[in-house]
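Colleague: Got a structure for you, questions after.
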Protein chains: 2
Amino acid sequence: MLPITEDKLNSVIDALEITDLTTATIRQICALSAELERAAGEKYVHLELGNPGLPAEKEGLEAECEALKRGVASCYPDIAGIPSLKKAGSDFVKAFIDLDVPPYCIVPTVGSMQGSYTLLTLLKMRVPGKDTVLVFNPGFPAQRQQAKMLGMNVVSFDIYYSRGEKLREKLEEILAAGRVTCMIYSNPNNPTWSNFTQEELKIIGEAATKHDVIVLEDLAYMGMDFRRDYSQPYKSPFIPSVGKYTENYILLISASKIFSYAGQRIGIVCMSPEVFNKRYDHLEKFFEMPNFGECYIYGVLYTASSGTAHSAQYAMAAMLESAVEGKLPFVKETGEYARRSALIKDMLKKNGFHIVYEKDCDEDISEGFFFTAGYKNYGSEHLQRELLRHGISTISLPCTGSTRDGVRICVSTVSDQSTFDRLASRLKEFSDAHPE
Amino acid sequence: MLPITEDKLNSVIDALEITDLTTATIRQICALSAELERAAGEKYVHLELGNPGLPAEKEGLEAECEALKRGVASCYPDIAGIPSLKKAGSDFVKAFIDLDVPPYCIVPTVGSMQGSYTLLTLLKMRVPGKDTVLVFNPGFPAQRQQAKMLGMNVVSFDIYYSRGEKLREKLEEILAAGRVTCMIYSNPNNPTWSNFTQEELKIIGEAATKHDVIVLEDLAYMGMDFRRDYSQPYKSPFIPSVGKYTENYILLISASKIFSYAGQRIGIVCMSPEVFNKRYDHLEKFFEMPNFGECYIYGVLYTASSGTAHSAQYAMAAMLESAVEGKLPFVKETGEYARRSALIKDMLKKNGFHIVYEKDCDEDISEGFFFTAGYKNYGSEHLQRELLRHGISTISLPCTGSTRDGVRICVSTVSDQSTFDRLASRLKEFSDAHPE
C-alpha cells in the first residue's frame, strides 16, 4: 500500500545500514526501492537507475558472435586495441566531432569506468606535485570515488554559479596554484543534462593549455544534446568538444549509452596525439617507456586487466563503423530518451515541480537521459524520502556534488504507457499530499 | 639467414630501445623476435609467448552467443556476478579442490589480472602498517608490476633454496615483522612448473594464519600437474590448495588457460567466507561498507570497471558447469601441453641443456605449459641472446625474479610437426655452435 509510512521507510533504511540517504550509493538506493516495493506490494517507478532503456545495437551483437565463431576467444587481445577498432574510433571522432585523433591514439577499455580510473592513475603520476583532480559539480559520483581510491586530492565547484564568462574566473582561481593535473566533466552532464556552450568549452580549453592541465571529456551521452542535429556523419554541426580549443584533451567514448551496450563493458579512450606523445621524466623512469600513451597502454592497462575482451572490441568496431557510414543512426535512436524526458518533465511541472538546472547560459537545456527536479522549497533528502514513500525512486542531488536542492530523474526505463500512467498518478498523489 | 650476427642483434635491440634484455617486458621480447624474424627472413620458434595453444571451449562460445541473442548486452551486469556464475564457481571449487566456497564469495573479474590488481588494492588498505606483499620467486612478472603500481613494498625469495621444511623458516623470517598483508604465488608455478607439496602448502597455510596474512593462490594453470589424475569431479585426489590449511585464502581461477579463453578476459575470485566476512575498521570507514567482500565488490571492482562483460560471465558459468558435470574434461584437454613439453625437454637435453628448476622436493616436476632450461654455465642473458641469434625466442629467468641462470620455455604454441622439426634443427645448430 502506498504511501509507505514514515516509520516503515525508516525501518527499511535502517535494516539496509544506510546511514545517509543523500550520500548512499546507487546500488543502495536500488536495494532500498526493491525492498520498499516488496513492503508496499506495489511496483515502484524507477527513476534512479541509469541502465539503457533501448535494445543493444544489432551491428555489435552480430560482430561479436562472428568474432567468437572465428576463434578470437582463445587469443589475448592486443592491449592497444585491435586495428579495426582503432581505425573505426579515429573515423568516428572525425565524422561526429571533427577532431583528428589518429588510430594509434585510440585505445579500448573495459567501459569508460576503466578508462577514467586508469587515466587518473597515470595523470596522478605524470608531474610530481600535480596531485589534484578538478571535478566539475554536479557530476558522476563514481569519478569522485575513483579519485578517492587513488588518494588524489579533489577540488570542485558547482557549475550552476559559474556559467559563461564567470567560468574563466573560477577556473583561474582553482588552477593558478598549479596543483591540478586534470579536470573531468561529462557533456551532456550527468545529472543535469546541461551542455557547455562553445564559448565555455573555449574557456576550459584555454585554461587547460595555460596551466598544463589535461581535460578528460566524458562523452558517455555523446550527441544527445537534441537542440541541434548532430546525427549526420562528416556534416556540420559537429558535436562540440574541448578538443577544438586545446591539445590537452582525452575523450572518453562509451558504448554503454550511445549504442545501449552497457552489459559488455566497452569504451574507447581517445587521446590527442600531443597528449599521447608527450614524454615525462617521472613516467619514463617508472615505466621504462618513452611517452604518456605507451605508459598508459603497456604500463597501466596491462596491469589493470591485460586489455579488453576480444569480442567486445569487434562489436565496438562494427558499431562505430556503421555509425560513420550513416547506417547506425545512434543520435536519432537515442532521441527516444528526449521524447520520454519531455513527457515526464511536463508531468512534473503540472504537479508543482521545477527544473533545478534549467539553462545553458540563456538557452533552455536539452531533453535527454537525465534531468534534475525540485519541489517548492523542499530539501533534497526530504524530497527523495517523500517521493520514495509515494512509490517513486530517484537519487538526490547532493550525491552528485550539487549544492542545490532536488533529485535526479533518469527517464531511460520509463518506456511503456502503463509506467507513464503510474508515474502520473503517483505524482498527483504526491502533490495532493504535499500542498505546502 | 640464421644465425643472426651479433651486430645485427645489437642493432635491433637498440632500435627497439630495449635497455636490458633480462628485464624487458614480454611485449618487448615479442616485438624483438618479430623484428629478427624479418631480418633473418626465416620463421622463429616462439617459446616466449603464453597464448593458449588450443581452441576456446565451445561450451563457452555457445553460451556467450546465446546470451548476446537474449539481450544481455544492453544491461549492466551485476558487479557481484550473475547468479549462475556464482553458483557454478562454488560447485567447481568443491568438485575439483574440495573446498567450500559459497556462491556469494565467488566474484567475476576481467581476467585474473584484474583479480590480483584489485585484490592487492584492497589488501594494501585493510590494516594500517601492513603495506607489504610477499611475492614468491620465480613468478609472474605482472604481479610484481601491479604491486609497484600500487606503491606497495615487495619482499621475495627464490623458492629454489627453500623447499620442504626450509620453507617454514624462510616464511617465519619474512613474516615475523608483521608488515606483510598478503602473499602471492601460482601453483603450478609460472615459469618453473614446480608445485608445492601438501606439506609445503600446510606450512604456508599455518604461517598465513599465524601472521594474519592472506594468501592469493593463483590457479591460472589449475589441474595441470599431470603426475596425478585430477580430472574427475568430486573424486579424490583433489587439486592441492592452501585452502585446506588456512581460512586466509583467496583463489584466482582464470578461464584463460584451463578453458583456452584468454581473449575474453574472464576469471573468478574465490574468497573463503572468513576472508569475505571479516570487518576492518579502516575499510568500514573508507568505503562505508561492512566487510572485506562488499568493499571488494562495490568499492574496488565498481570503481575499476563496473564489473565484467555480461556475455563472458555466461561463458564462464557454462564452462564451469560443464566441467563439474564431467562433460568438459579440461584437465585431460590441457594434457596436450604435457605431451609437447616432454618432447621439447627431450630435444633440449639431447643438445646439452638441463632443467633449472627440476624437482618438487624429491620428485621430478610435472610436464606442463612452461619449464625452465639452462645451458652449461651460460648466464641468462647470454643464453637468451644466443638462442635468439639461432631463431629461438624465450624470456630469461631474471625477469621472473629467479636468481638462477636460464630461460623460460613456453610449449603452448609448438603444435605442428614442422615447428617441432624446426626447433630440433635449430637446437642442433645452436649446440654445434656452442660446444663450450
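For the C-alpha cells, the naming scheme is as follows: chains receive sequential letters (A, B, ...) according to their order of presentation, residues are indexed from 1 within each chain, and ligands are indexed from 1 in presentation order.
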Please check the contacts: residues of chain A at most 6 Å away from chain B, using only C-alpha atoms, listed as a list in words.
Modeller: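 Listed by rising number, the hits are Pro55, Ala56, Cys65, Ala73, Ser74, Cys75, Tyr76, Pro77, Val110, Met113, Gln114, Gln146, Ser260, Tyr261, Ala262, Gly263, Gln264, Arg265, Thr303, Ala304, Ser305, Ala309 and His310 of chain A.
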Colleague: May I have the residues within 9 Å of Glu274 of chain A as a list of chain:residue names, using only C-alpha atoms and disregarding those fewer than 6 positions away in the same chain?
Modeller: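 Here the qualifying residues turn out to be A:Glu247, A:Asn248, A:Tyr249.
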Colleague: Suppose we keep C-alpha atoms; can you now write the selection as a CSV table (one decimal), in the first residue's frame?
Modeller:
```csv
chain,number,residue,atom,x,y,z
A,247,GLU,CA,45.7,20.0,-27.4
A,248,ASN,CA,45.4,18.8,-23.8
A,249,TYR,CA,42.4,16.6,-24.2
```
Colleague: Segment 219-236 of chain B: which residues within 7 Å, counting only C-alpha atoms, same-chain residues fewer than 5 positions away excluded, as number ranges by chain?
Modeller: B: 95-96, 186-188, 251-254, 257-258, 324, 326, 329, 331-332, 366-368
Colleague: Only C-alpha atoms, please: the residues just picked out, written as an mmCIF file, in the first residue's frame.
Modeller:
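Result saved to again_18.cif:
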```cif
data_model
loop_
_atom_site.group_PDB
_atom_site.id
_atom_site.type_symbol
_atom_site.label_atom_id
_atom_site.label_comp_id
_atom_site.auth_asym_id
_atom_site.auth_seq_id
_atom_site.Cartn_x
_atom_site.Cartn_y
_atom_site.Cartn_z
ATOM 1 C CA ALA B 95 34.257 -30.573 -7.280
ATOM 2 C CA PHE B 96 37.949 -30.131 -8.080
ATOM 3 C CA SER B 186 50.937 -19.553 -8.765
ATOM 4 C CA ASN B 187 50.536 -23.291 -8.487
ATOM 5 C CA PRO B 188 51.647 -24.810 -10.873
ATOM 6 C CA LEU B 251 41.822 -18.362 -5.088
ATOM 7 C CA LEU B 252 42.208 -16.846 -8.543
ATOM 8 C CA ILE B 253 40.733 -19.058 -11.251
ATOM 9 C CA SER B 254 41.067 -17.804 -14.800
ATOM 10 C CA LYS B 257 44.464 -21.330 -19.810
ATOM 11 C CA ILE B 258 42.182 -24.009 -18.369
ATOM 12 C CA VAL B 324 31.582 -30.024 -12.859
ATOM 13 C CA GLY B 326 32.231 -34.138 -16.250
ATOM 14 C CA PRO B 329 37.369 -32.609 -19.414
ATOM 15 C CA VAL B 331 42.397 -31.404 -17.306
ATOM 16 C CA LYS B 332 42.599 -34.071 -19.990
ATOM 17 C CA SER B 366 55.367 -32.297 -13.855
ATOM 18 C CA GLU B 367 55.288 -31.689 -17.567
ATOM 19 C CA GLY B 368 53.143 -28.702 -18.470
#
```
Colleague: Can you list every residue in segment 70-301 of chain A that DSSP puts in strand (DSSP E), as number ranges by chain?
Modeller: A: 106-109, 132-137, 153-158, 180-186, 214-218, 249-254, 267-271
Colleague: For those residues, write C-alpha atoms to a file as a PDB file, in the first residue's frame.
Modeller:
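In the end it all went to again-v3.pdb:
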```
ATOM      1  CA  ILE A 106      42.516   5.194 -29.771  1.00  0.00           C
ATOM      2  CA  VAL A 107      42.608   2.575 -27.002  1.00  0.00           C
ATOM      3  CA  PRO A 108      39.797   0.282 -25.832  1.00  0.00           C
ATOM      4  CA  THR A 109      38.954  -0.007 -22.149  1.00  0.00           C
ATOM      5  CA  THR A 132      44.808  17.112  -7.719  1.00  0.00           C
ATOM      6  CA  VAL A 133      41.832  16.476  -9.960  1.00  0.00           C
ATOM      7  CA  LEU A 134      39.242  19.130 -10.675  1.00  0.00           C
ATOM      8  CA  VAL A 135      35.801  17.523 -10.763  1.00  0.00           C
ATOM      9  CA  PHE A 136      33.018  19.698 -12.149  1.00  0.00           C
ATOM     10  CA  ASN A 137      29.912  19.550  -9.958  1.00  0.00           C
ATOM     11  CA  ASN A 153      43.074  15.467  -3.897  1.00  0.00           C
ATOM     12  CA  VAL A 154      39.793  16.615  -5.362  1.00  0.00           C
ATOM     13  CA  VAL A 155      38.658  20.190  -5.929  1.00  0.00           C
ATOM     14  CA  SER A 156      35.204  21.018  -7.234  1.00  0.00           C
ATOM     15  CA  PHE A 157      32.775  23.819  -7.820  1.00  0.00           C
ATOM     16  CA  ASP A 158      29.103  23.895  -8.741  1.00  0.00           C
ATOM     17  CA  VAL A 180      45.715  20.318 -10.785  1.00  0.00           C
ATOM     18  CA  THR A 181      46.807  17.579 -13.195  1.00  0.00           C
ATOM     19  CA  CYS A 182      43.441  17.044 -14.877  1.00  0.00           C
ATOM     20  CA  MET A 183      39.824  18.050 -14.898  1.00  0.00           C
ATOM     21  CA  ILE A 184      36.847  15.862 -15.631  1.00  0.00           C
ATOM     22  CA  TYR A 185      33.286  16.552 -16.702  1.00  0.00           C
ATOM     23  CA  SER A 186      30.619  14.879 -18.794  1.00  0.00           C
ATOM     24  CA  ILE A 214      44.635  17.570 -19.185  1.00  0.00           C
ATOM     25  CA  VAL A 215      40.898  17.624 -19.804  1.00  0.00           C
ATOM     26  CA  LEU A 216      39.038  14.320 -19.530  1.00  0.00           C
ATOM     27  CA  GLU A 217      35.899  14.914 -21.525  1.00  0.00           C
ATOM     28  CA  ASP A 218      33.432  12.142 -20.767  1.00  0.00           C
ATOM     29  CA  TYR A 249      42.385  16.588 -24.201  1.00  0.00           C
ATOM     30  CA  ILE A 250      41.362  12.979 -23.773  1.00  0.00           C
ATOM     31  CA  LEU A 251      37.867  11.901 -24.837  1.00  0.00           C
ATOM     32  CA  LEU A 252      36.032   9.010 -23.209  1.00  0.00           C
ATOM     33  CA  ILE A 253      33.531   7.391 -25.569  1.00  0.00           C
ATOM     34  CA  SER A 254      31.497   4.532 -24.140  1.00  0.00           C
ATOM     35  CA  GLY A 267      34.580   2.044 -24.424  1.00  0.00           C
ATOM     36  CA  ILE A 268      37.438   3.845 -26.099  1.00  0.00           C
ATOM     37  CA  VAL A 269      39.927   6.369 -24.812  1.00  0.00           C
ATOM     38  CA  CYS A 270      40.808   8.927 -27.496  1.00  0.00           C
ATOM     39  CA  MET A 271      43.928  10.947 -26.759  1.00  0.00           C
TER      40      MET A 271
END
```
